[in-house]
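Enquirer: Coordinates in coords_0.cif, mmCIF, C-alpha atoms, are listed below.
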data_target
loop_
_atom_site.label_atom_id
_atom_site.label_comp_id
_atom_site.auth_asym_id
_atom_site.auth_seq_id
_atom_site.Cartn_x
_atom_site.Cartn_y
_atom_site.Cartn_z
CA MET H 1 21.01 -22.78 25.76
CA THR H 2 19.44 -20.18 23.57
CA ASP H 3 21.13 -16.83 23.33
CA GLU H 4 19.30 -14.47 25.72
CA LEU H 5 19.00 -11.65 23.22
CA ASP H 6 17.73 -14.10 20.63
CA ARG H 7 15.14 -15.39 23.12
CA ILE H 8 13.87 -11.89 23.88
CA LEU H 9 13.62 -10.90 20.23
CA SER H 10 11.85 -14.16 19.41
CA SER H 11 9.25 -13.74 22.16
CA ASP H 12 5.66 -13.01 21.22
CA ASP H 13 5.11 -9.36 20.35
CA SER H 14 1.77 -9.35 18.63
CA LEU H 15 -0.90 -6.67 18.74
CA GLU H 16 -4.56 -7.40 18.08
CA PRO H 17 -6.10 -4.85 15.72
CA SER H 18 -9.01 -2.97 17.26
CA SER H 19 -12.47 -4.26 16.36
CA GLY H 20 -13.21 -1.46 13.91
CA PHE H 21 -9.93 -1.69 12.06
CA ALA H 22 -11.10 -3.75 9.09
CA GLY H 23 -14.15 -1.49 8.71
CA ALA H 24 -11.96 1.62 8.78
CA VAL H 25 -9.68 0.17 6.11
CA MET H 26 -12.63 -0.75 3.91
CA GLY H 27 -14.04 2.76 4.39
CA ALA H 28 -10.74 4.22 3.18
CA VAL H 29 -10.69 1.78 0.26
CA ARG H 30 -14.25 2.71 -0.77
CA ARG H 31 -13.42 6.44 -0.56
CA HIS H 32 -10.35 5.86 -2.67
CA ALA H 33 -12.32 3.84 -5.24
CA ALA H 34 -15.01 6.55 -5.42
CA GLU H 35 -12.49 9.25 -6.24
CA PRO H 36 -12.38 10.18 -9.91
CA PRO H 37 -9.28 8.85 -11.63
CA PRO H 38 -6.44 11.33 -11.76
CA ILE H 39 -6.35 13.51 -14.86
CA PRO H 40 -3.66 12.07 -17.10
CA PHE H 41 -0.80 14.32 -18.07
CA PRO H 42 -1.57 15.87 -21.48
CA TRP H 43 1.38 14.34 -23.26
CA PRO H 44 0.13 15.06 -26.84
CA ARG H 45 -0.36 18.75 -26.13
CA PHE H 46 2.87 18.92 -24.18
CA THR H 47 4.73 17.33 -27.10
CA ILE H 48 3.14 19.68 -29.65
CA GLY H 49 4.02 22.67 -27.47
CA LEU H 50 7.56 21.49 -26.99
CA VAL H 51 8.08 20.92 -30.71
CA ALA H 52 6.54 24.32 -31.49
CA CYS H 53 8.80 26.05 -28.99
CA ALA H 54 11.89 24.32 -30.35
CA THR H 55 10.87 25.17 -33.92
CA MET H 56 10.28 28.80 -33.05
CA ALA H 57 13.58 29.02 -31.20
CA ALA H 58 15.44 27.50 -34.14
CA ALA H 59 13.60 29.68 -36.66
CA GLY H 60 14.26 32.74 -34.55
CA ALA H 61 17.94 31.99 -34.32
CA ALA H 62 18.12 31.53 -38.09
CA LEU H 63 15.91 34.42 -39.14
CA VAL H 64 16.66 37.21 -36.69
CA PRO H 65 19.94 38.24 -38.35
CA ARG H 66 18.08 38.47 -41.70
CA ILE H 67 14.92 40.23 -40.58
CA GLU H 68 16.57 42.53 -38.09
CA PRO H 69 17.38 45.19 -40.72
CA MET H 70 13.77 44.96 -42.00
CA ALA H 71 12.45 45.28 -38.50
CA LEU H 72 14.62 48.27 -37.89
CA ASP H 73 13.24 49.81 -41.08
CA LEU H 74 9.72 49.22 -39.83
CA VAL H 75 10.50 50.71 -36.48
CA ALA H 76 12.37 53.63 -37.93
CA PRO H 77 9.25 55.76 -38.58
CA LEU H 78 8.29 55.33 -34.97
CA ALA H 79 11.68 56.59 -33.97
CA SER H 80 10.58 60.07 -34.97
CA VAL H 81 7.77 59.80 -32.42
CA GLY H 82 10.11 58.41 -29.89
CA SER H 83 12.25 55.30 -29.80
CA GLU H 84 10.78 54.18 -26.47
CA LEU H 85 7.26 54.36 -27.84
CA GLY H 86 8.30 52.33 -30.86
CA TYR H 87 9.77 49.57 -28.80
CA ALA H 88 6.78 49.59 -26.46
CA GLY H 89 4.43 49.22 -29.43
CA LEU H 90 6.45 46.37 -30.83
CA ALA H 91 6.44 44.68 -27.43
CA VAL H 92 2.65 44.98 -27.24
CA ILE H 93 2.22 43.44 -30.68
CA VAL H 94 4.56 40.56 -29.88
CA SER H 95 2.86 40.00 -26.49
CA VAL H 96 -0.60 39.87 -28.01
CA GLY H 97 0.63 37.42 -30.61
CA LEU H 98 2.22 35.16 -27.99
CA ALA H 99 -0.85 35.35 -25.77
CA ARG H 100 -2.93 33.91 -28.59
CA LEU H 101 -0.61 30.96 -29.13
CA PRO H 102 -2.01 28.77 -26.28
CA GLY H 103 -5.49 29.18 -27.75
CA VAL H 104 -4.20 28.06 -31.12
CA PHE H 105 -2.57 24.99 -29.56
CA ALA H 106 -5.70 24.20 -27.52
CA ARG H 107 -7.74 23.97 -30.72
CA LEU H 108 -5.30 21.47 -32.23
CA MET X 1 -14.17 -14.87 8.65
CA GLY X 2 -11.48 -15.14 11.25
CA GLU X 3 -8.87 -12.55 12.01
CA GLY X 4 -6.15 -14.79 10.78
CA ARG X 5 -2.46 -14.43 10.24
CA MET X 6 0.08 -16.19 8.11
CA GLY X 7 -0.59 -19.90 8.11
CA GLU X 8 -4.31 -19.66 8.65
CA ALA X 9 -4.98 -17.99 5.34
CA SER X 10 -4.74 -20.13 2.27
CA ASP X 11 -3.13 -18.95 -0.94
CA ASP X 12 -6.30 -19.98 -2.77
CA ASP X 13 -8.41 -17.58 -0.71
CA ASP X 14 -6.00 -14.75 -1.45
CA ASP X 15 -5.76 -15.54 -5.15
CA ALA X 16 -9.53 -15.75 -5.44
CA ASP X 17 -10.05 -12.45 -3.63
CA VAL X 18 -7.34 -10.74 -5.67
CA ALA X 19 -9.00 -11.92 -8.87
CA ARG X 20 -12.40 -10.65 -7.68
CA VAL X 21 -11.02 -7.22 -6.67
CA VAL X 22 -9.15 -6.85 -9.95
CA GLY X 23 -12.38 -7.84 -11.69
CA GLY X 24 -14.17 -4.94 -10.01
CA ASP X 25 -15.61 -6.50 -6.85
CA LEU X 26 -14.36 -4.00 -4.30
CA GLU X 27 -15.93 -5.81 -1.34
CA ALA X 28 -13.72 -8.86 -1.93
CA PHE X 29 -10.86 -6.81 -0.56
CA GLU X 30 -12.42 -7.10 2.89
CA GLY X 31 -11.51 -10.80 2.92
CA ILE X 32 -7.87 -9.86 2.36
CA VAL X 33 -8.02 -7.19 5.07
CA ARG X 34 -9.57 -9.57 7.62
CA ARG X 35 -7.08 -12.33 6.90
CA TRP X 36 -4.01 -10.11 7.05
CA GLN X 37 -4.88 -7.28 9.43
CA ARG X 38 -3.27 -8.93 12.43
CA ARG X 39 -0.05 -9.46 10.54
CA LEU X 40 0.21 -5.96 9.12
CA VAL X 41 -0.76 -4.25 12.36
CA GLY X 42 1.67 -6.54 14.20
CA LEU X 43 4.56 -5.59 11.92
CA ALA X 44 3.73 -1.89 12.21
CA TRP X 45 3.57 -2.26 15.98
CA ARG X 46 7.09 -3.66 16.00
CA PHE X 47 8.27 -0.57 14.15
CA CYS X 48 6.55 2.09 16.24
CA ARG X 49 5.35 0.62 19.58
CA ASP X 50 2.20 2.75 19.38
CA ARG X 51 -1.23 1.25 18.72
CA ALA X 52 -2.80 4.24 16.97
CA ALA X 53 0.24 4.80 14.78
CA ALA X 54 0.47 1.06 14.03
CA GLU X 55 -3.15 0.89 12.85
CA ASP X 56 -2.73 4.06 10.83
CA MET X 57 0.38 2.71 9.13
CA ALA X 58 -1.28 -0.65 8.48
CA GLN X 59 -4.29 1.09 6.94
CA GLU X 60 -1.97 3.01 4.63
CA ALA X 61 -0.26 -0.27 3.69
CA PHE X 62 -3.60 -1.91 2.86
CA LEU X 63 -4.55 1.08 0.73
CA LYS X 64 -1.25 0.85 -1.16
CA ALA X 65 -1.79 -2.87 -1.65
CA PHE X 66 -5.29 -2.17 -2.98
CA ARG X 67 -3.89 0.34 -5.47
CA SER X 68 -1.15 -2.09 -6.53
CA LEU X 69 -3.29 -5.22 -6.71
CA ARG X 70 -3.30 -5.23 -10.50
CA ALA X 71 0.49 -5.42 -10.42
CA TYR X 72 0.47 -8.61 -8.32
CA ARG X 73 1.55 -11.39 -10.67
CA GLY X 74 1.78 -14.21 -8.16
CA GLU X 75 5.55 -14.52 -8.67
CA SER X 76 6.00 -14.60 -4.90
CA ALA X 77 3.60 -15.72 -2.20
CA PHE X 78 0.85 -13.21 -1.52
CA SER X 79 2.05 -12.90 2.08
CA THR X 80 5.56 -11.96 0.91
CA TRP X 81 4.21 -9.44 -1.58
CA LEU X 82 1.86 -7.85 0.96
CA THR X 83 4.45 -7.78 3.74
CA ALA X 84 7.00 -6.17 1.41
CA ILE X 85 4.49 -3.43 0.56
CA ALA X 86 3.79 -2.94 4.26
CA LEU X 87 7.48 -2.80 5.09
CA ASN X 88 8.16 -0.17 2.44
CA THR X 89 5.18 1.84 3.65
CA TYR X 90 6.36 1.72 7.25
CA ARG X 91 9.92 2.61 6.35
CA SER X 92 8.74 5.60 4.33
CA ARG X 93 6.51 6.76 7.18
CA LEU X 94 9.27 6.41 9.75
CA ARG X 95 11.69 8.23 7.49
CA ALA X 96 9.20 11.04 6.87
CA GLU X 97 8.04 11.41 10.44
CA GLY X 98 11.40 10.86 12.09
CA PRO X 99 12.14 9.44 15.50
CA ALA X 100 9.15 11.15 17.16
CA LEU X 101 6.91 8.32 15.94
CA LEU X 102 9.11 5.82 17.75
CA ALA X 103 8.24 7.39 21.10
CA ILE X 104 11.85 7.18 22.16
CA ASP X 105 10.95 9.33 25.14
CA LEU X 106 9.34 6.25 26.67
CA LEU X 107 12.60 4.38 26.45
CA PRO X 108 14.21 4.50 29.87
CA ALA X 109 17.52 6.27 29.49
CA ARG X 110 19.15 3.55 31.55
CA ALA X 111 18.04 0.91 29.07
CA VAL X 112 20.86 1.66 26.70
CA GLU X 113 23.53 2.02 29.35
CA PRO X 114 25.83 -0.93 29.93
CA GLY X 115 24.54 -3.20 32.66
CA ALA X 116 21.54 -1.04 33.36
CA LEU X 117 18.97 -3.68 32.45
CA ARG X 118 20.08 -5.97 35.23
CA ASP X 119 17.41 -4.96 37.75
CA LEU X 120 14.51 -4.48 35.39
CA GLN X 121 11.61 -6.92 35.37
CA ASP X 122 11.60 -9.29 32.42
CA ARG X 123 8.75 -7.51 30.67
CA GLU X 124 10.30 -4.09 31.02
CA ARG X 125 13.58 -5.55 29.94
CA THR X 126 12.04 -7.09 26.83
CA GLU X 127 10.33 -3.83 25.95
CA ALA X 128 13.54 -1.90 26.49
CA VAL X 129 15.40 -4.26 24.14
CA ARG X 130 12.70 -3.91 21.50
CA ARG X 131 12.93 -0.15 21.70
CA ALA X 132 16.71 -0.34 21.55
CA VAL X 133 16.28 -2.24 18.28
CA LEU X 134 14.29 0.70 16.91
CA ALA X 135 17.12 3.05 17.78
CA LEU X 136 19.59 1.08 15.64
CA PRO X 137 20.61 2.28 12.16
CA HIS X 138 17.78 1.45 9.77
CA ARG X 139 19.39 -1.45 7.92
CA TYR X 140 20.03 -3.33 11.18
CA ARG X 141 16.68 -2.33 12.66
CA ASP X 142 14.83 -3.59 9.59
CA ALA X 143 16.83 -6.81 9.47
CA LEU X 144 16.16 -7.65 13.13
CA VAL X 145 12.49 -6.65 13.09
CA VAL X 146 11.62 -8.56 9.91
CA TYR X 147 13.74 -11.63 10.71
CA TYR X 148 12.10 -12.16 14.11
CA PHE X 149 8.68 -11.16 12.78
CA GLN X 150 9.09 -13.94 10.20
CA GLU X 151 9.84 -16.35 13.02
CA ARG X 152 13.49 -16.53 11.98
CA ASP X 153 12.82 -17.60 8.42
CA LEU X 154 15.93 -16.21 6.79
CA LYS X 155 14.87 -16.81 3.21
CA GLU X 156 11.44 -15.25 3.59
CA ALA X 157 12.84 -12.29 5.54
CA ALA X 158 15.46 -11.66 2.84
CA GLN X 159 12.75 -11.74 0.17
CA ILE X 160 10.61 -9.23 2.04
CA LEU X 161 13.58 -6.95 2.62
CA GLY X 162 14.66 -7.31 -1.00
CA ILE X 163 18.24 -8.24 -0.09
CA ALA X 164 20.42 -11.34 -0.41
CA GLU X 165 20.41 -13.86 2.41
CA GLY X 166 24.12 -13.25 2.97
CA THR X 167 23.51 -9.53 3.36
CA LEU X 168 20.71 -10.20 5.80
CA LYS X 169 22.96 -12.51 7.83
CA ALA X 170 25.62 -9.81 7.97
CA ASN X 171 23.08 -7.17 8.99
CA LEU X 172 21.65 -9.45 11.68
CA HIS X 173 25.10 -10.14 13.04
CA ARG X 174 26.03 -6.46 13.08
CA GLY X 175 22.67 -5.46 14.56
CA ARG X 176 22.99 -7.96 17.39
CA GLU X 177 26.54 -6.80 18.05
CA MET X 178 25.36 -3.20 18.29
CA LEU X 179 22.53 -4.22 20.61
CA ARG X 180 24.94 -6.08 22.82
CA GLY X 181 27.19 -3.05 22.86
CA ARG X 182 24.30 -0.97 24.08
CA CYS X 183 23.05 -3.56 26.54
CA ALA X 184 26.16 -5.00 28.15
CA GLU X 185 24.04 -7.61 29.92
CA PHE X 186 23.73 -9.43 26.63
CA ALA X 187 27.40 -9.52 25.85
CA PRO X 188 28.26 -13.11 24.84
CA ARG X 189 29.99 -15.26 27.37
CA PRO X 190 32.42 -18.02 26.49
CA GLY X 191 30.51 -21.12 25.44
CA ASP X 192 27.34 -19.24 24.43
CA PRO X 193 25.83 -20.62 21.20
CA VAL X 194 25.83 -18.54 18.06
CA PRO X 195 22.21 -17.58 17.17
CA GLU X 196 20.74 -18.91 13.97
CA GLY X 197 20.98 -16.58 11.02
CA THR X 198 24.49 -15.42 11.85
CA ARG X 199 26.43 -18.57 11.13
#
Could you spell out this file's structure in structure tokens?

Expert:
Amino acid sequence: MTDELDRILSSDDSLEPSSGFAGAVMGAVRRHAAEPPPIPFPWPRFTIGLVACATMAAAGAALVPRIEPMALDLVAPLASVGSELGYAGLAVIVSVGLARLPGVFARL
Amino acid sequence: MGEGRMGEASDDDDDADVARVVGGDLEAFEGIVRRWQRRLVGLAWRFCRDRAAAEDMAQEAFLKAFRSLRAYRGESAFSTWLTAIALNTYRSRLRAEGPALLAIDLLPARAVEPGALRDLQDRERTEAVRRAVLALPHRYRDALVVYYFQERDLKEAAQILGIAEGTLKANLHRGREMLRGRCAEFAPRPGDPVPEGTR
């Protein structure tokens, strides 16, 4: 005697796909095939950027203690105008420089 | 071309169509879809008991298979490879969409109470058991659904599930025990045979 639960679970439980199913699948496949391939991740640029960032971070860590007195000397004249204005000017110069970096990398 | 299922489709047909699709003949994929649609929709149906959801899930599985066709190396039978893709697709969908897709609300509350199935008609009873399977923890649900879908072919079911045959046997045993616990009518009586796949 077959186990009753086994008999129930073994009984036919099929479902006929609707008549348009294969057509719908092929439609989806054709749409998928017509899509442009995904843009690959720009690994070369990403790598260059990463290396540049790491280099700049390392160079900054090494050079800042040495150039800090020079920078203070440069900023000192501005201090007479106002220390806040001096720092703001320096920030603008640094920002403009950094903003140009992506353009430099893009041309590489 | 007939709307076949496993057994009616030959490996040669599948291999030839795979080669044509990989070679750029998109329309050759239709042969694969027509041969295997009944099987993939049938498996999805066993996981969700809803026609629209089953066809939607099967379509997603076919699309995944199409995208992965280049990765098919013929190391396993095409049916095993395709069914494994479908199974993973269905499991992901069920996990993402949660129990709402299982339409548990249609499951009579009495179906999971001990002895409650006694007075139900055989068809209702069968449906209630199938829905009770879907309410089991996923590892037991998957084991029971795939094992019976594969017509109790333990080796093939284990391959599709990506687990060892021993693990599948244990999951089947535990799943059946849980089902029996939920449906006291099926509690084993002395002298009842042990179902295949649990020995």

Enquirer: Taking (2.0, 17.6, -27.9) in the file's own coordinates, collect the residues within 12 Å, counting all atoms listed in the file, and hand them back as a list in words.

Expert: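 The distance filter leaves exactly Phe41, Pro42, Trp43, Pro44, Arg45, Phe46, Thr47, Ile48, Gly49, Leu50, Val51, Ala52, Cys53, Pro102, Phe105, Ala106, Arg107 and Leu108 of chain H.
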
Enquirer: Extract, using all atoms listed in the file, all DNA, RNA and protein residues at most 10 Å from Met178 in chain X, discarding same-chain residues fewer than 3 positions from it, and format them as a PyMOL selection string.

Expert: chain X and resi 132-133+136-137+140+172-175+181-183

Enquirer: On this structure, which residues satisfy the PyMOL selection byres ((chain X) within 6 of (chain H)), written as a list in words?

Expert: Arg38, Gly42, Gln59, Thr126 and Tyr148 of chain X

Enquirer: Would you pick out the contacts of range 14-25 of chain X at 8 Å or less, using only C-alpha atoms, so that residues sharing its chain but fewer than 4 positions from it are not included, and give the list as number ranges by chain?

Expert: X: 9-10, 29, 31-32, 69-70, 78

Enquirer: Provide the CA of Gly20 in chain H to CA of Asp12 in chain X distance in Å, to one decimal place.

Expert: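 Between CA of Gly20 in chain H and CA of Asp12 in chain X the gap is 25.9 Å.
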
Enquirer: Near Leu87 in chain X, within 9 Å and counting all atoms listed in the file, which residues show up once chain neighbours fewer than 4 positions away are dropped, as a list in words?

Expert: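 Skipping anything fewer than 4 positions along the chain leaves Leu40, Leu43, Ala44, Ala61, Leu82, Thr83, Arg91, Ser92, Asp142, Val146, Ile160 and Leu161 of chain X.
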
Enquirer: Mind pulling up the distance from CA of Val145 in chain X to CA of Leu63 in chain X?

Expert: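 Going from CA of Leu63 in chain X over to CA of Val145 in chain X covers 22.4 Å.
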
Enquirer: So how far away is CA of Gln150 in chain X from CA of Tyr72 in chain X, in Å?

Expert: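 Value for the CA of Tyr72 in chain X-CA of Gln150 in chain X distance: 21.1 Å.
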
Enquirer: Could you please fill out range 88-99 of chain X with all heavy atoms and send it back as a PDB file, in the coordinates of the input?

Expert:
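Heads up, here's the output in part_16.pdb:
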ATOM      1  N   ASN X  88       7.761  -1.397   3.130  1.00  0.00           N
ATOM      2  CA  ASN X  88       8.160  -0.170   2.440  1.00  0.00           C
ATOM      3  C   ASN X  88       7.322   1.024   2.921  1.00  0.00           C
ATOM      4  O   ASN X  88       7.839   2.130   3.064  1.00  0.00           O
ATOM      5  CB  ASN X  88       8.023  -0.339   0.933  1.00  0.00           C
ATOM      6  CG  ASN X  88       9.107  -1.242   0.384  1.00  0.00           C
ATOM      7  OD1 ASN X  88      10.195  -1.317   0.955  1.00  0.00           O
ATOM      8  ND2 ASN X  88       8.828  -1.949  -0.695  1.00  0.00           N
ATOM      9  N   THR X  89       6.048   0.771   3.150  1.00  0.00           N
ATOM     10  CA  THR X  89       5.180   1.840   3.650  1.00  0.00           C
ATOM     11  C   THR X  89       5.654   2.308   5.028  1.00  0.00           C
ATOM     12  O   THR X  89       5.766   3.514   5.276  1.00  0.00           O
ATOM     13  CB  THR X  89       3.727   1.331   3.773  1.00  0.00           C
ATOM     14  OG1 THR X  89       3.323   0.789   2.527  1.00  0.00           O
ATOM     15  CG2 THR X  89       2.789   2.442   4.174  1.00  0.00           C
ATOM     16  N   TYR X  90       5.950   1.372   5.894  1.00  0.00           N
ATOM     17  CA  TYR X  90       6.360   1.720   7.250  1.00  0.00           C
ATOM     18  C   TYR X  90       7.709   2.452   7.245  1.00  0.00           C
ATOM     19  O   TYR X  90       7.901   3.417   7.973  1.00  0.00           O
ATOM     20  CB  TYR X  90       6.463   0.468   8.136  1.00  0.00           C
ATOM     21  CG  TYR X  90       5.188  -0.340   8.215  1.00  0.00           C
ATOM     22  CD1 TYR X  90       5.183  -1.657   8.645  1.00  0.00           C
ATOM     23  CD2 TYR X  90       3.960   0.210   7.847  1.00  0.00           C
ATOM     24  CE1 TYR X  90       4.015  -2.400   8.718  1.00  0.00           C
ATOM     25  CE2 TYR X  90       2.793  -0.525   7.901  1.00  0.00           C
ATOM     26  CZ  TYR X  90       2.826  -1.837   8.325  1.00  0.00           C
ATOM     27  OH  TYR X  90       1.671  -2.570   8.375  1.00  0.00           O
ATOM     28  N   ARG X  91       8.607   1.958   6.412  1.00  0.00           N
ATOM     29  CA  ARG X  91       9.920   2.610   6.350  1.00  0.00           C
ATOM     30  C   ARG X  91       9.791   4.045   5.861  1.00  0.00           C
ATOM     31  O   ARG X  91      10.443   4.950   6.384  1.00  0.00           O
ATOM     32  CB  ARG X  91      10.858   1.823   5.434  1.00  0.00           C
ATOM     33  CG  ARG X  91      11.308   0.518   6.057  1.00  0.00           C
ATOM     34  CD  ARG X  91      12.580   0.008   5.442  1.00  0.00           C
ATOM     35  NE  ARG X  91      12.385  -0.598   4.155  1.00  0.00           N
ATOM     36  CZ  ARG X  91      13.160  -1.578   3.672  1.00  0.00           C
ATOM     37  NH1 ARG X  91      14.175  -2.026   4.387  1.00  0.00           N
ATOM     38  NH2 ARG X  91      12.950  -2.099   2.503  1.00  0.00           N
ATOM     39  N   SER X  92       8.941   4.240   4.847  1.00  0.00           N
ATOM     40  CA  SER X  92       8.740   5.600   4.330  1.00  0.00           C
ATOM     41  C   SER X  92       8.145   6.495   5.408  1.00  0.00           C
ATOM     42  O   SER X  92       8.552   7.642   5.570  1.00  0.00           O
ATOM     43  CB  SER X  92       7.795   5.592   3.126  1.00  0.00           C
ATOM     44  OG  SER X  92       8.334   4.808   2.106  1.00  0.00           O
ATOM     45  N   ARG X  93       7.157   5.961   6.123  1.00  0.00           N
ATOM     46  CA  ARG X  93       6.510   6.760   7.180  1.00  0.00           C
ATOM     47  C   ARG X  93       7.523   7.125   8.269  1.00  0.00           C
ATOM     48  O   ARG X  93       7.571   8.275   8.715  1.00  0.00           O
ATOM     49  CB  ARG X  93       5.372   5.953   7.812  1.00  0.00           C
ATOM     50  CG  ARG X  93       4.049   6.096   7.104  1.00  0.00           C
ATOM     51  CD  ARG X  93       3.358   7.432   7.408  1.00  0.00           C
ATOM     52  NE  ARG X  93       2.811   7.485   8.753  1.00  0.00           N
ATOM     53  CZ  ARG X  93       1.578   7.112   9.075  1.00  0.00           C
ATOM     54  NH1 ARG X  93       0.768   6.667   8.152  1.00  0.00           N
ATOM     55  NH2 ARG X  93       1.146   7.204  10.312  1.00  0.00           N
ATOM     56  N   LEU X  94       8.312   6.146   8.679  1.00  0.00           N
ATOM     57  CA  LEU X  94       9.270   6.410   9.750  1.00  0.00           C
ATOM     58  C   LEU X  94      10.323   7.413   9.299  1.00  0.00           C
ATOM     59  O   LEU X  94      10.749   8.265  10.061  1.00  0.00           O
ATOM     60  CB  LEU X  94       9.940   5.108  10.203  1.00  0.00           C
ATOM     61  CG  LEU X  94       9.010   4.105  10.880  1.00  0.00           C
ATOM     62  CD1 LEU X  94       9.737   2.792  11.145  1.00  0.00           C
ATOM     63  CD2 LEU X  94       8.459   4.653  12.180  1.00  0.00           C
ATOM     64  N   ARG X  95      10.700   7.303   8.030  1.00  0.00           N
ATOM     65  CA  ARG X  95      11.690   8.230   7.490  1.00  0.00           C
ATOM     66  C   ARG X  95      11.099   9.636   7.440  1.00  0.00           C
ATOM     67  O   ARG X  95      11.747  10.615   7.794  1.00  0.00           O
ATOM     68  CB  ARG X  95      12.092   7.782   6.079  1.00  0.00           C
ATOM     69  CG  ARG X  95      13.520   8.034   5.767  1.00  0.00           C
ATOM     70  CD  ARG X  95      14.017   7.461   4.463  1.00  0.00           C
ATOM     71  NE  ARG X  95      13.027   6.995   3.523  1.00  0.00           N
ATOM     72  CZ  ARG X  95      12.889   5.722   3.173  1.00  0.00           C
ATOM     73  NH1 ARG X  95      13.661   4.809   3.717  1.00  0.00           N
ATOM     74  NH2 ARG X  95      11.988   5.361   2.292  1.00  0.00           N
ATOM     75  N   ALA X  96       9.836   9.729   7.019  1.00  0.00           N
ATOM     76  CA  ALA X  96       9.200  11.040   6.870  1.00  0.00           C
ATOM     77  C   ALA X  96       8.898  11.678   8.226  1.00  0.00           C
ATOM     78  O   ALA X  96       9.044  12.892   8.390  1.00  0.00           O
ATOM     79  CB  ALA X  96       7.907  10.898   6.063  1.00  0.00           C
ATOM     80  N   GLU X  97       8.470  10.859   9.166  1.00  0.00           N
ATOM     81  CA  GLU X  97       8.040  11.410  10.440  1.00  0.00           C
ATOM     82  C   GLU X  97       9.171  11.485  11.461  1.00  0.00           C
ATOM     83  O   GLU X  97       9.041  12.170  12.470  1.00  0.00           O
ATOM     84  CB  GLU X  97       6.879  10.592  11.006  1.00  0.00           C
ATOM     85  CG  GLU X  97       5.655  10.693  10.099  1.00  0.00           C
ATOM     86  CD  GLU X  97       4.435  10.012  10.683  1.00  0.00           C
ATOM     87  OE1 GLU X  97       4.498   9.574  11.844  1.00  0.00           O
ATOM     88  OE2 GLU X  97       3.438   9.929   9.971  1.00  0.00           O
ATOM     89  N   GLY X  98      10.246  10.765  11.208  1.00  0.00           N
ATOM     90  CA  GLY X  98      11.400  10.860  12.090  1.00  0.00           C
ATOM     91  C   GLY X  98      11.211  10.094  13.382  1.00  0.00           C
ATOM     92  O   GLY X  98      10.212   9.402  13.571  1.00  0.00           O
ATOM     93  N   PRO X  99      12.143  10.257  14.283  1.00  0.00           N
ATOM     94  CA  PRO X  99      12.140   9.440  15.500  1.00  0.00           C
ATOM     95  C   PRO X  99      10.992   9.733  16.444  1.00  0.00           C
ATOM     96  O   PRO X  99      10.740   8.952  17.341  1.00  0.00           O
ATOM     97  CB  PRO X  99      13.483   9.780  16.152  1.00  0.00           C
ATOM     98  CG  PRO X  99      13.904  11.057  15.538  1.00  0.00           C
ATOM     99  CD  PRO X  99      13.313  11.119  14.178  1.00  0.00           C
TER     100      PRO X  99
END
